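The file upload34.cif comes next; it holds mmCIF, C-alpha atoms.
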```
data_run
loop_
_atom_site.label_atom_id
_atom_site.label_comp_id
_atom_site.auth_asym_id
_atom_site.auth_seq_id
_atom_site.Cartn_x
_atom_site.Cartn_y
_atom_site.Cartn_z
CA MET L 14 28.14 15.77 24.97
CA ARG L 15 24.51 15.44 25.99
CA ALA L 16 21.57 13.74 24.28
CA ARG L 17 17.83 14.29 24.30
CA TYR L 18 15.02 12.18 22.92
CA LEU L 19 13.07 13.57 19.94
CA PRO L 20 9.42 12.59 19.70
CA ALA L 21 8.52 10.23 16.87
CA VAL L 22 5.21 10.05 15.00
CA ASP L 23 4.41 6.78 16.70
CA ARG L 24 6.06 3.83 18.35
CA VAL L 25 5.44 0.16 19.09
CA ASP L 26 7.38 -1.82 21.70
CA ARG L 27 7.66 -5.58 21.97
CA ASP L 28 9.99 -7.52 24.25
CA GLY L 29 12.22 -4.55 24.96
CA GLU L 30 12.71 -3.68 21.30
CA ALA L 31 10.91 -0.95 19.38
CA VAL L 32 9.83 0.23 15.97
CA LEU L 33 9.33 3.94 15.48
CA LEU L 34 7.90 6.06 12.73
CA VAL L 35 10.08 9.12 12.17
CA ASP L 36 8.52 11.44 9.63
CA ARG L 37 7.77 8.87 6.91
CA GLU L 38 10.55 6.44 7.73
CA VAL L 39 10.27 3.34 9.87
CA VAL L 40 13.16 2.60 12.24
CA ARG L 41 13.77 -0.66 14.08
CA LEU L 42 15.70 -0.44 17.36
CA SER L 43 17.46 -3.17 19.27
CA ALA L 44 16.86 -3.56 22.98
CA LEU L 45 20.09 -1.68 23.74
CA ALA L 46 19.18 1.19 21.42
CA THR L 47 15.69 1.30 22.90
CA THR L 48 17.14 1.54 26.39
CA LEU L 49 19.47 4.29 25.27
CA LEU L 50 16.63 6.24 23.69
CA ASP L 51 14.41 5.89 26.73
CA SER L 52 17.18 7.02 29.04
CA CYS L 53 17.38 10.54 27.72
CA PRO L 54 13.87 12.02 27.99
CA ASP L 55 15.61 15.34 28.72
CA TRP L 56 19.16 16.53 28.16
CA THR L 57 21.33 13.79 29.62
CA PRO L 58 25.16 13.63 29.75
CA VAL L 59 26.67 10.79 27.78
CA SER L 60 28.57 9.66 30.86
CA GLU L 61 25.24 9.04 32.56
CA LEU L 62 23.97 7.06 29.59
CA VAL L 63 27.11 4.93 29.61
CA ASP L 64 26.37 4.01 33.20
CA VAL L 65 22.77 3.12 32.33
CA LEU L 66 23.86 0.77 29.56
CA LEU L 67 26.59 -0.84 31.67
CA ALA L 68 24.05 -1.46 34.42
CA ALA L 69 21.53 -2.94 32.04
CA TYR L 70 23.75 -4.97 29.73
CA GLY L 71 27.00 -5.48 31.62
CA PRO L 72 30.51 -4.64 30.49
CA THR L 73 31.35 -4.15 26.84
CA PRO L 74 33.40 -6.81 25.04
CA GLU L 75 37.13 -6.68 25.59
CA GLY L 76 38.70 -3.88 23.59
CA VAL L 77 35.49 -1.91 23.22
CA ASP L 78 35.39 1.38 25.05
CA PRO L 79 31.89 1.84 26.52
CA ALA L 80 31.99 5.61 26.17
CA ALA L 81 33.03 5.40 22.52
CA ALA L 82 30.41 2.73 21.83
CA THR L 83 27.70 4.82 23.47
CA ASP L 84 28.84 7.89 21.57
CA ALA L 85 28.62 5.98 18.29
CA ALA L 86 25.17 4.63 19.13
CA LEU L 87 23.91 8.11 19.95
CA ARG L 88 25.24 9.50 16.69
CA THR L 89 23.40 6.73 14.84
CA LEU L 90 20.19 7.61 16.68
CA ALA L 91 20.76 11.26 15.88
CA ALA L 92 21.22 10.47 12.19
CA GLN L 93 17.88 8.66 12.31
CA GLY L 94 16.21 11.69 13.84
CA LEU L 95 15.54 10.02 17.17
CA VAL L 96 17.76 12.13 19.44
CA GLU L 97 19.44 15.50 19.35
CA LEU L 98 22.97 16.08 20.61
CA ASP L 99 24.79 19.10 21.92
CA MET W 6 -20.10 4.53 -13.37
CA ARG W 7 -22.76 7.04 -14.28
CA PRO W 8 -23.40 7.99 -17.90
CA VAL W 9 -21.38 10.61 -19.64
CA THR W 10 -22.79 14.05 -19.08
CA ALA W 11 -23.72 16.53 -21.71
CA ALA W 12 -20.89 18.34 -23.41
CA GLU W 13 -19.67 21.48 -21.73
CA PRO W 14 -18.69 24.57 -23.73
CA GLU W 15 -15.07 23.48 -24.08
CA SER W 16 -16.17 19.98 -25.19
CA CYS W 17 -15.27 18.45 -21.85
CA HIS W 18 -17.13 15.28 -20.94
CA SER W 19 -17.01 13.62 -17.59
CA THR W 20 -17.84 10.43 -15.82
CA VAL W 21 -17.54 9.40 -12.19
CA VAL W 22 -15.71 6.36 -10.79
CA ASP W 23 -16.08 4.99 -7.27
CA ALA W 24 -12.60 4.21 -5.98
CA PHE W 25 -12.99 2.66 -2.50
CA GLY W 26 -15.73 5.12 -1.72
CA VAL W 27 -14.06 8.14 -3.25
CA HIS W 28 -16.00 9.54 -6.18
CA VAL W 29 -13.40 10.51 -8.75
CA GLU W 30 -14.66 12.61 -11.61
CA VAL W 31 -12.81 11.86 -14.84
CA ARG W 32 -12.99 14.90 -17.11
CA VAL W 33 -11.96 14.16 -20.68
CA ARG W 34 -11.14 16.74 -23.34
CA GLY W 35 -9.69 16.61 -26.85
CA ASP W 36 -10.87 15.61 -30.29
CA ARG W 37 -10.42 11.92 -29.43
CA ALA W 38 -12.12 12.10 -26.03
CA ALA W 39 -14.89 9.80 -27.17
CA GLU W 40 -12.42 6.95 -27.60
CA VAL W 41 -11.50 7.25 -23.93
CA LEU W 42 -15.07 7.57 -22.75
CA ASP W 43 -16.12 4.54 -24.78
CA ARG W 44 -13.61 2.37 -22.93
CA LEU W 45 -14.20 3.50 -19.36
CA PRO W 46 -17.56 1.86 -18.53
CA LEU W 47 -16.34 -1.68 -19.18
CA LEU W 48 -12.88 -1.16 -17.70
CA TRP W 49 -14.39 0.27 -14.53
CA GLU W 50 -17.39 -2.06 -14.55
CA PHE W 51 -17.00 -2.96 -10.85
CA CYS W 52 -16.40 0.60 -9.68
CA ALA W 53 -19.65 2.20 -10.74
CA ALA W 54 -20.55 5.39 -8.92
CA PRO W 55 -24.21 5.73 -7.93
CA ALA W 56 -26.44 7.48 -10.42
CA GLY W 57 -26.16 11.21 -9.99
CA ALA W 58 -22.93 11.01 -8.02
CA THR W 59 -20.69 14.03 -8.23
CA GLY W 60 -16.93 13.95 -8.02
CA GLU W 61 -15.13 14.64 -4.75
CA VAL W 62 -11.88 14.90 -6.68
CA THR W 63 -11.11 15.29 -10.35
CA ALA W 64 -8.78 13.61 -12.80
CA GLU W 65 -8.21 15.70 -15.92
CA VAL W 66 -7.62 13.81 -19.17
CA VAL W 67 -6.73 15.03 -22.64
CA PHE W 68 -6.75 12.75 -25.68
CA ASP W 69 -6.13 14.68 -28.85
CA SER W 70 -4.72 14.05 -32.30
CA ASP W 71 -2.71 17.26 -32.08
CA PRO W 72 0.65 16.42 -30.43
CA GLN W 73 0.96 19.93 -29.10
CA ALA W 74 -2.38 19.65 -27.35
CA TRP W 75 -1.52 16.56 -25.37
CA ALA W 76 2.05 17.69 -24.73
CA GLN W 77 0.74 20.92 -23.24
CA ALA W 78 -1.88 19.04 -21.23
CA ASP W 79 0.78 16.67 -19.92
CA ALA W 80 2.89 19.65 -18.89
CA ASP W 81 -0.16 21.10 -17.14
CA GLY W 82 -0.59 17.96 -15.08
CA ALA W 83 -3.42 16.29 -16.97
CA VAL W 84 -3.34 12.65 -17.98
CA ALA W 85 -2.34 12.89 -21.64
CA ARG W 86 -0.67 10.38 -23.92
CA PRO W 87 -0.62 9.94 -27.70
CA ASP W 88 -1.49 6.26 -27.35
CA LEU W 89 -4.87 5.22 -25.98
CA GLU W 90 -3.65 2.15 -24.11
CA ASP W 91 -0.89 4.13 -22.44
CA LEU W 92 -3.36 6.81 -21.50
CA LEU W 93 -5.80 4.35 -19.96
CA GLN W 94 -3.04 2.81 -17.86
CA VAL W 95 -1.85 6.17 -16.60
CA LEU W 96 -5.45 7.18 -15.94
CA THR W 97 -5.93 4.16 -13.70
CA GLN W 98 -2.86 5.19 -11.74
CA ARG W 99 -4.14 8.75 -11.51
CA ILE W 100 -7.56 7.66 -10.26
CA THR W 101 -5.89 5.50 -7.64
CA LEU W 102 -3.66 8.34 -6.49
CA CYS W 103 -6.58 10.78 -6.37
CA ALA W 104 -8.52 8.37 -4.17
CA ILE W 105 -5.54 7.61 -1.93
CA ASP W 106 -4.82 11.29 -1.41
CA SER W 107 -8.48 11.91 -0.67
CA ARG W 108 -8.52 9.29 2.09
CA ALA W 109 -5.23 10.37 3.67
CA GLY W 110 -5.32 9.89 7.41
CA GLU W 111 -8.75 8.28 7.41
CA CYS W 112 -7.94 4.60 6.98
CA LEU W 113 -5.16 2.12 6.44
CA MET W 114 -4.21 1.83 2.77
CA LEU W 115 -1.91 -1.02 1.86
CA HIS W 116 -0.21 -1.63 -1.45
CA ALA W 117 -1.77 -5.07 -1.68
CA ALA W 118 -3.92 -7.35 -3.77
CA CYS W 119 -6.94 -8.80 -2.02
CA ILE W 120 -9.19 -11.79 -2.69
CA ALA W 121 -12.23 -12.80 -0.63
CA ASP W 122 -14.34 -15.87 -0.11
CA PRO W 123 -17.83 -15.24 -1.58
CA VAL W 124 -19.57 -17.20 1.18
CA THR W 125 -17.96 -15.75 4.28
CA GLY W 126 -16.48 -12.50 2.98
CA ALA W 127 -13.17 -13.46 4.58
CA ALA W 128 -10.34 -11.85 2.65
CA ALA W 129 -6.62 -12.34 2.29
CA ALA W 130 -4.45 -9.36 1.41
CA PHE W 131 -1.13 -9.88 -0.34
CA VAL W 132 1.25 -6.98 0.16
CA ALA W 133 3.93 -6.38 -2.45
CA PRO W 134 5.59 -3.54 -4.33
CA GLY W 135 4.40 -2.74 -7.84
CA GLY W 136 5.44 -5.12 -10.57
CA THR W 137 6.06 -8.07 -8.30
CA GLY W 138 3.05 -10.30 -8.87
CA LYS W 139 -0.12 -8.89 -7.34
CA THR W 140 -2.12 -8.68 -10.57
CA THR W 141 -0.91 -12.07 -11.74
CA LEU W 142 -1.92 -13.58 -8.41
CA VAL W 143 -5.39 -12.08 -8.65
CA SER W 144 -5.85 -13.17 -12.25
CA THR W 145 -4.77 -16.69 -11.41
CA LEU W 146 -6.50 -17.27 -8.09
CA GLY W 147 -9.35 -14.77 -8.23
CA PRO W 148 -11.87 -16.63 -10.43
CA GLY W 149 -14.46 -18.30 -8.21
CA ARG W 150 -13.80 -15.83 -5.43
CA TRP W 151 -14.46 -12.13 -4.99
CA TYR W 152 -11.99 -9.80 -6.60
CA VAL W 153 -11.43 -7.04 -4.04
CA THR W 154 -8.44 -5.27 -5.62
CA ASP W 155 -5.12 -5.86 -7.30
CA GLU W 156 -3.59 -2.62 -6.06
CA THR W 157 -4.84 -0.86 -2.94
CA THR W 158 -6.37 -2.69 0.01
CA VAL W 159 -8.25 -0.26 2.23
CA VAL W 160 -8.84 -1.53 5.77
CA LEU W 161 -11.06 0.09 8.37
CA ASP W 162 -10.53 -0.26 12.11
CA ASP W 163 -13.13 -3.05 12.37
CA ARG W 164 -11.20 -4.96 9.64
CA THR W 165 -13.79 -4.18 6.99
CA VAL W 166 -12.10 -4.01 3.60
CA VAL W 167 -13.43 -1.37 1.21
CA PRO W 168 -13.29 -2.94 -2.25
CA TYR W 169 -11.44 -1.36 -5.14
CA PRO W 170 -11.96 -3.81 -8.02
CA LYS W 171 -10.26 -1.63 -10.61
CA PRO W 172 -9.23 -2.62 -14.11
CA LEU W 173 -6.28 -4.98 -14.17
CA SER W 174 -3.07 -3.58 -15.58
CA VAL W 175 -1.69 -6.53 -17.51
CA ARG W 176 1.76 -6.50 -19.10
CA ARG W 177 1.62 -6.63 -22.89
CA THR W 178 4.43 -9.18 -22.87
CA PRO W 179 6.05 -10.81 -19.81
CA ASP W 180 8.99 -8.40 -19.80
CA SER W 181 7.22 -5.34 -21.13
CA LEU W 182 7.21 -2.07 -19.26
CA PHE W 183 3.86 -1.31 -20.87
CA LYS W 184 0.56 -2.64 -19.66
CA ASN W 185 -2.93 -2.87 -21.07
CA GLU W 186 -5.96 -2.10 -18.96
CA THR W 187 -8.25 -5.11 -18.80
CA PRO W 188 -11.82 -5.37 -17.51
CA PRO W 189 -11.89 -7.69 -14.48
CA SER W 190 -14.68 -9.78 -15.98
CA ALA W 191 -12.49 -10.49 -19.00
CA VAL W 192 -10.30 -12.71 -16.83
CA GLY W 193 -13.23 -14.29 -14.99
CA LEU W 194 -13.29 -12.08 -11.91
CA THR W 195 -16.40 -11.02 -10.02
CA ALA W 196 -16.88 -8.07 -7.71
CA PRO W 197 -17.66 -8.46 -4.00
CA GLY W 198 -21.38 -8.80 -3.39
CA ASP W 199 -21.38 -8.14 0.32
CA ARG W 200 -19.19 -7.02 3.20
CA VAL W 201 -15.57 -8.09 3.02
CA HIS W 202 -13.44 -8.42 6.14
CA LEU W 203 -9.73 -8.98 6.40
CA ALA W 204 -8.84 -12.45 7.66
CA ALA W 205 -5.20 -12.75 6.64
CA LEU W 206 -2.34 -10.44 5.83
CA CYS W 207 0.59 -11.74 3.81
CA LEU W 208 3.75 -10.36 2.28
CA LEU W 209 4.38 -11.65 -1.21
CA ASN W 210 7.92 -12.61 -2.13
CA ARG W 211 8.00 -13.95 -5.67
CA ASP W 212 11.30 -15.66 -6.33
CA PRO W 213 11.82 -17.08 -9.84
CA HIS W 214 14.45 -19.43 -8.42
CA HIS W 215 12.26 -20.80 -5.65
CA GLN W 216 11.87 -24.54 -5.76
CA GLY W 217 8.87 -26.56 -4.66
CA ALA W 218 5.87 -25.49 -2.66
CA PRO W 219 5.64 -21.95 -1.32
CA THR W 220 7.33 -21.36 2.00
CA VAL W 221 5.44 -19.53 4.72
CA GLU W 222 7.29 -17.57 7.39
CA ALA W 223 5.51 -16.06 10.38
CA LEU W 224 6.88 -12.61 11.11
CA PRO W 225 7.16 -11.14 14.61
CA THR W 226 5.13 -7.97 14.93
CA LEU W 227 8.07 -5.58 14.76
CA ASP W 228 9.49 -7.28 11.67
CA ALA W 229 6.04 -7.15 10.10
CA LEU W 230 5.81 -3.42 10.75
CA VAL W 231 9.19 -2.78 9.17
CA ALA W 232 8.10 -4.72 6.09
CA LEU W 233 4.60 -3.25 5.86
CA VAL W 234 5.16 0.44 6.48
CA PRO W 235 6.90 1.11 3.13
CA GLN W 236 3.90 -0.48 1.41
CA THR W 237 1.36 1.88 2.96
CA SER W 238 0.04 5.22 1.77
CA HIS W 239 -0.26 8.30 3.97
CA LEU W 240 0.35 6.25 7.12
CA PRO W 241 1.88 9.11 9.16
CA GLU W 242 -1.29 11.14 8.68
CA MET W 243 -3.25 8.62 10.75
CA ALA W 244 -3.57 8.81 14.51
CA ARG W 245 -1.34 6.22 16.25
CA PRO W 246 -0.46 4.65 12.90
CA LEU W 247 2.07 2.06 14.06
CA GLN W 248 -0.03 1.00 17.03
CA ARG W 249 -3.08 0.51 14.83
CA LEU W 250 -1.10 -1.44 12.25
CA ALA W 251 0.43 -3.60 14.97
CA ALA W 252 -3.00 -4.23 16.48
CA LEU W 253 -4.32 -5.26 13.08
CA CYS W 254 -1.43 -7.65 12.50
CA GLU W 255 -1.83 -9.28 15.88
CA SER W 256 -5.62 -9.51 15.61
CA LEU W 257 -5.09 -11.54 12.43
CA GLY W 258 -2.74 -13.94 14.14
CA GLY W 259 0.33 -12.32 12.66
CA VAL W 260 1.70 -11.58 9.22
CA HIS W 261 3.12 -14.25 6.96
CA ARG W 262 5.76 -13.89 4.27
CA ILE W 263 5.05 -16.18 1.34
CA THR W 264 7.94 -17.06 -0.94
CA TYR W 265 6.85 -18.68 -4.18
CA ARG W 266 7.64 -18.99 -7.86
CA GLU W 267 4.30 -19.23 -9.66
CA SER W 268 0.99 -17.75 -8.54
CA ALA W 269 -0.78 -21.06 -9.05
CA ASP W 270 1.47 -22.55 -6.37
CA VAL W 271 -0.24 -20.31 -3.80
CA ALA W 272 -3.70 -21.77 -4.45
CA GLY W 273 -3.58 -24.27 -1.60
CA LEU W 274 -2.43 -21.62 0.81
CA LEU W 275 -5.22 -19.29 -0.23
CA ASP W 276 -7.70 -22.10 0.40
CA GLU W 277 -6.38 -22.33 3.95
CA LEU W 278 -6.55 -18.58 4.46
CA VAL W 279 -10.04 -17.80 3.17
CA GLY W 280 -11.65 -21.10 2.18
CA GLU W 281 -11.74 -23.25 -0.93
CA THR W 282 -13.47 -22.09 -4.08
CA SER W 283 -16.89 -23.61 -4.60
#
```
How would this structure read if it were set down as structure tokens?
Amino acid sequence: MRARYLPAVDRVDRDGEAVLLVDREVVRLSALATTLLDSCPDWTPVSELVDVLLAAYGPTPEGVDPAAATDAALRTLAAQGLVELD
Amino acid sequence: MRPVTAAEPESCHSTVVDAFGVHVEVRVRGDRAAEVLDRLPLLWEFCAAPAGATGEVTAEVVFDSDPQAWAQADADGAVARPDLEDLLQVLTQRITLCAIDSRAGECLMLHAACIADPVTGAAAAFVAPGGTGKTTLVSTLGPGRWYVTDETTVVLDDRTVVPYPKPLSVRRTPDSLFKNETPPSAVGLTAPGDRVHLAALCLLNRDPHHQGAPTVEALPTLDALVALVPQTSHLPEMARPLQRLAALCESLGGVHRITYRESADVAGLLDELVGETS
């Protein structure tokens, strides 16, 4: 699977976190989600995004598969209209 | 508000209201139109359009003793009710919506009450959804200050607030779904006499179970945006809407959430925000 950022109406960043306006909805992103979003300006393989998050935030908690966690986060972003997946 | 014009062939009379700079023409038809027109000048006493003003947008109204006439008008999108008080309340909402739609993309429009200090023009806006205390707050704390609005606070980029001192929609009984339109002067309010500028932006959180003095919580900018955006109108139509809203919040020293039980409890806080009443 690959992911690509979808432009929002507008965006404000503070301290690594972000708020975006998507159509008429406001979306608040954590620092991790903001990093994930900013790491796929063009079509990017999920495996590459997993590496980005591991480098930025360290290993996932015991029992949490980083690929599965990244996949879930991307699907959440996709549901919010922030990324597209293929 | 300019005087009622001469009757048109279909017995339609009109008058013009200034809603934060938008001239809304209210066109009234029906065999009871005069009852509506008689009430409008006092209700909209602080929103008088200049003499000779013409409407930029139009609100159609039908008040008629024939049930079929108003039912048809209602179906056609006009403001039409069998009861005068109901009609006047819905008309206020329609005028507000007409003005909001007319200003889409031009300025920040917050669902907020606003009160200003008559000496400095410094204003505090209190953001809250409908039915959660804005009008009560204005009625309670507005006398002695300038009544800017109880509904829509319009803010320009230089923080100028464009007044909208509309009629107050006051619940007939505390739990009633119905409201009566009330002239602002009837509850001791006065219109702004000079420029008003935004000095404080607050989120109202009325909690009937709250004990003691109001609590004030400073919100980080991102939290403030999440709370404010749903209480704006036509925000996405503006250029860089979130960045402008964030800049406004931060230029005011942040946004504060006020949790309180009774409007009178907020008096001391309002004194701090815009100055004590004289």
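In this model, the gap between CA of Leu247 in chain W and CA of Met114 in chain W comes to 12.9 Å.
Here is the contact set of chain L against chain W, at 10 Å and counting all atoms listed in the file: Val22, Asp23, Arg24, Val25, Asp26, Arg27, Asp28, Glu30, Ala31, Val32, Leu33, Leu34, Val35, Asp36, Arg37, Glu38, Val39, Val40, Arg41 and Leu42 of chain L.
CA of His18 in chain W is found 14.8 Å from CA of Ala58 in chain W.
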*Nearest to Val95 in chain W by atom-to-atom distance, counting all atoms listed in the file, from W:Gly258, W:Gly57, W:Gly126, W:Pro172*: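 Of W:Gly258, W:Gly57, W:Gly126, W:Pro172, the one nearest Val95 in chain W is W:Pro172, counting all atoms listed in the file.
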*How many Å lie between CA of Thr141 in chain W and CA of Leu45 in chain W, rounded to one decimal?*
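Rounded to one decimal, the two atoms are 21.8 Å apart.
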Take the PyMOL selection byres ((chain W and resi 139) around 12), run it mentally on this structure, and tell me the resulting residues as a PDB file with C-alpha atoms, keeping the file's coordinate frame.
```
ATOM      1  CA  HIS W 116      -0.210  -1.630  -1.450  1.00  0.00           C
ATOM      2  CA  ALA W 117      -1.770  -5.070  -1.680  1.00  0.00           C
ATOM      3  CA  ALA W 118      -3.920  -7.350  -3.770  1.00  0.00           C
ATOM      4  CA  CYS W 119      -6.940  -8.800  -2.020  1.00  0.00           C
ATOM      5  CA  ILE W 120      -9.190 -11.790  -2.690  1.00  0.00           C
ATOM      6  CA  ALA W 130      -4.450  -9.360   1.410  1.00  0.00           C
ATOM      7  CA  PHE W 131      -1.130  -9.880  -0.340  1.00  0.00           C
ATOM      8  CA  VAL W 132       1.250  -6.980   0.160  1.00  0.00           C
ATOM      9  CA  ALA W 133       3.930  -6.380  -2.450  1.00  0.00           C
ATOM     10  CA  PRO W 134       5.590  -3.540  -4.330  1.00  0.00           C
ATOM     11  CA  GLY W 135       4.400  -2.740  -7.840  1.00  0.00           C
ATOM     12  CA  GLY W 136       5.440  -5.120 -10.570  1.00  0.00           C
ATOM     13  CA  THR W 137       6.060  -8.070  -8.300  1.00  0.00           C
ATOM     14  CA  GLY W 138       3.050 -10.300  -8.870  1.00  0.00           C
ATOM     15  CA  THR W 140      -2.120  -8.680 -10.570  1.00  0.00           C
ATOM     16  CA  THR W 141      -0.910 -12.070 -11.740  1.00  0.00           C
ATOM     17  CA  LEU W 142      -1.920 -13.580  -8.410  1.00  0.00           C
ATOM     18  CA  VAL W 143      -5.390 -12.080  -8.650  1.00  0.00           C
ATOM     19  CA  SER W 144      -5.850 -13.170 -12.250  1.00  0.00           C
ATOM     20  CA  THR W 145      -4.770 -16.690 -11.410  1.00  0.00           C
ATOM     21  CA  LEU W 146      -6.500 -17.270  -8.090  1.00  0.00           C
ATOM     22  CA  GLY W 147      -9.350 -14.770  -8.230  1.00  0.00           C
ATOM     23  CA  TYR W 152     -11.990  -9.800  -6.600  1.00  0.00           C
ATOM     24  CA  VAL W 153     -11.430  -7.040  -4.040  1.00  0.00           C
ATOM     25  CA  THR W 154      -8.440  -5.270  -5.620  1.00  0.00           C
ATOM     26  CA  ASP W 155      -5.120  -5.860  -7.300  1.00  0.00           C
ATOM     27  CA  GLU W 156      -3.590  -2.620  -6.060  1.00  0.00           C
ATOM     28  CA  THR W 157      -4.840  -0.860  -2.940  1.00  0.00           C
ATOM     29  CA  THR W 158      -6.370  -2.690   0.010  1.00  0.00           C
ATOM     30  CA  LEU W 173      -6.280  -4.980 -14.170  1.00  0.00           C
ATOM     31  CA  SER W 174      -3.070  -3.580 -15.580  1.00  0.00           C
ATOM     32  CA  VAL W 175      -1.690  -6.530 -17.510  1.00  0.00           C
ATOM     33  CA  CYS W 207       0.590 -11.740   3.810  1.00  0.00           C
ATOM     34  CA  LEU W 208       3.750 -10.360   2.280  1.00  0.00           C
ATOM     35  CA  LEU W 209       4.380 -11.650  -1.210  1.00  0.00           C
ATOM     36  CA  ASN W 210       7.920 -12.610  -2.130  1.00  0.00           C
ATOM     37  CA  ARG W 211       8.000 -13.950  -5.670  1.00  0.00           C
ATOM     38  CA  GLU W 267       4.300 -19.230  -9.660  1.00  0.00           C
ATOM     39  CA  SER W 268       0.990 -17.750  -8.540  1.00  0.00           C
ATOM     40  CA  VAL W 271      -0.240 -20.310  -3.800  1.00  0.00           C
TER      41      VAL W 271
END
```
*Run the PyMOL selection byres ((chain W and resi 67-78) around 9) mentally over the shown coordinates, then write out the matched residues as a list in words, using the chain letters and numbers from the document.*
Arg32, Val33, Arg34, Gly35, Asp36, Arg37, Ala38, Ala39, Glu40, Val41, Glu65, Val66, Asp79, Ala80, Asp81, Gly82, Ala83, Val84, Ala85, Arg86, Pro87, Asp88, Leu89 and Leu92 of chain W
*asked:* Please enumerate the residues selected by the PyMOL selection byres ((chain L and resi 18) around 9) when evaluated against the supplied file, formatted as a PyMOL selection string.
replied: chain L and resi 16-17+19-20+50-56+95-97
Box centre and edge lengths (Å, one decimal), axis-aligned, range 78-89 of chain L plus 3 Å each side, as lines of an AutoDock Vina configuration file:
```
center_x = 29.4
center_y = 5.4
center_z = 20.7
size_x = 18.0
size_y = 14.1
size_z = 17.7
```
*Could you check which of L:Gly29, L:Asp84, L:Val77, L:Tyr70 is closest to Asp99 in chain L, using all atoms listed in the file?*
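Looking at the shortest contact to Asp99 in chain L, the residue is L:Asp84.
Counting all atoms listed in the file, Leu113 in chain W has the following residues at most 7 Å away, ignoring those fewer than 5 positions along the same chain: Val159, Val160, Leu161 and Leu240 of chain W.
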*Exercise: Val63 in chain L partners within 9 Å, only C-alpha atoms, chain neighbours under 2 positions left out, as a list of chain:residue names*: L:Leu49, L:Pro58, L:Val59, L:Ser60, L:Glu61, L:Val65, L:Leu66, L:Leu67, L:Ala68, L:Pro79, L:Ala80, L:Ala82, L:Thr83, L:Asp84
*Using all atoms listed in the file, which of L:Ala81, L:Leu45, L:Leu62, L:Gln93 sits nearest Arg15 in chain L?*
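Smallest separation from Arg15 in chain L among the options: L:Leu62.
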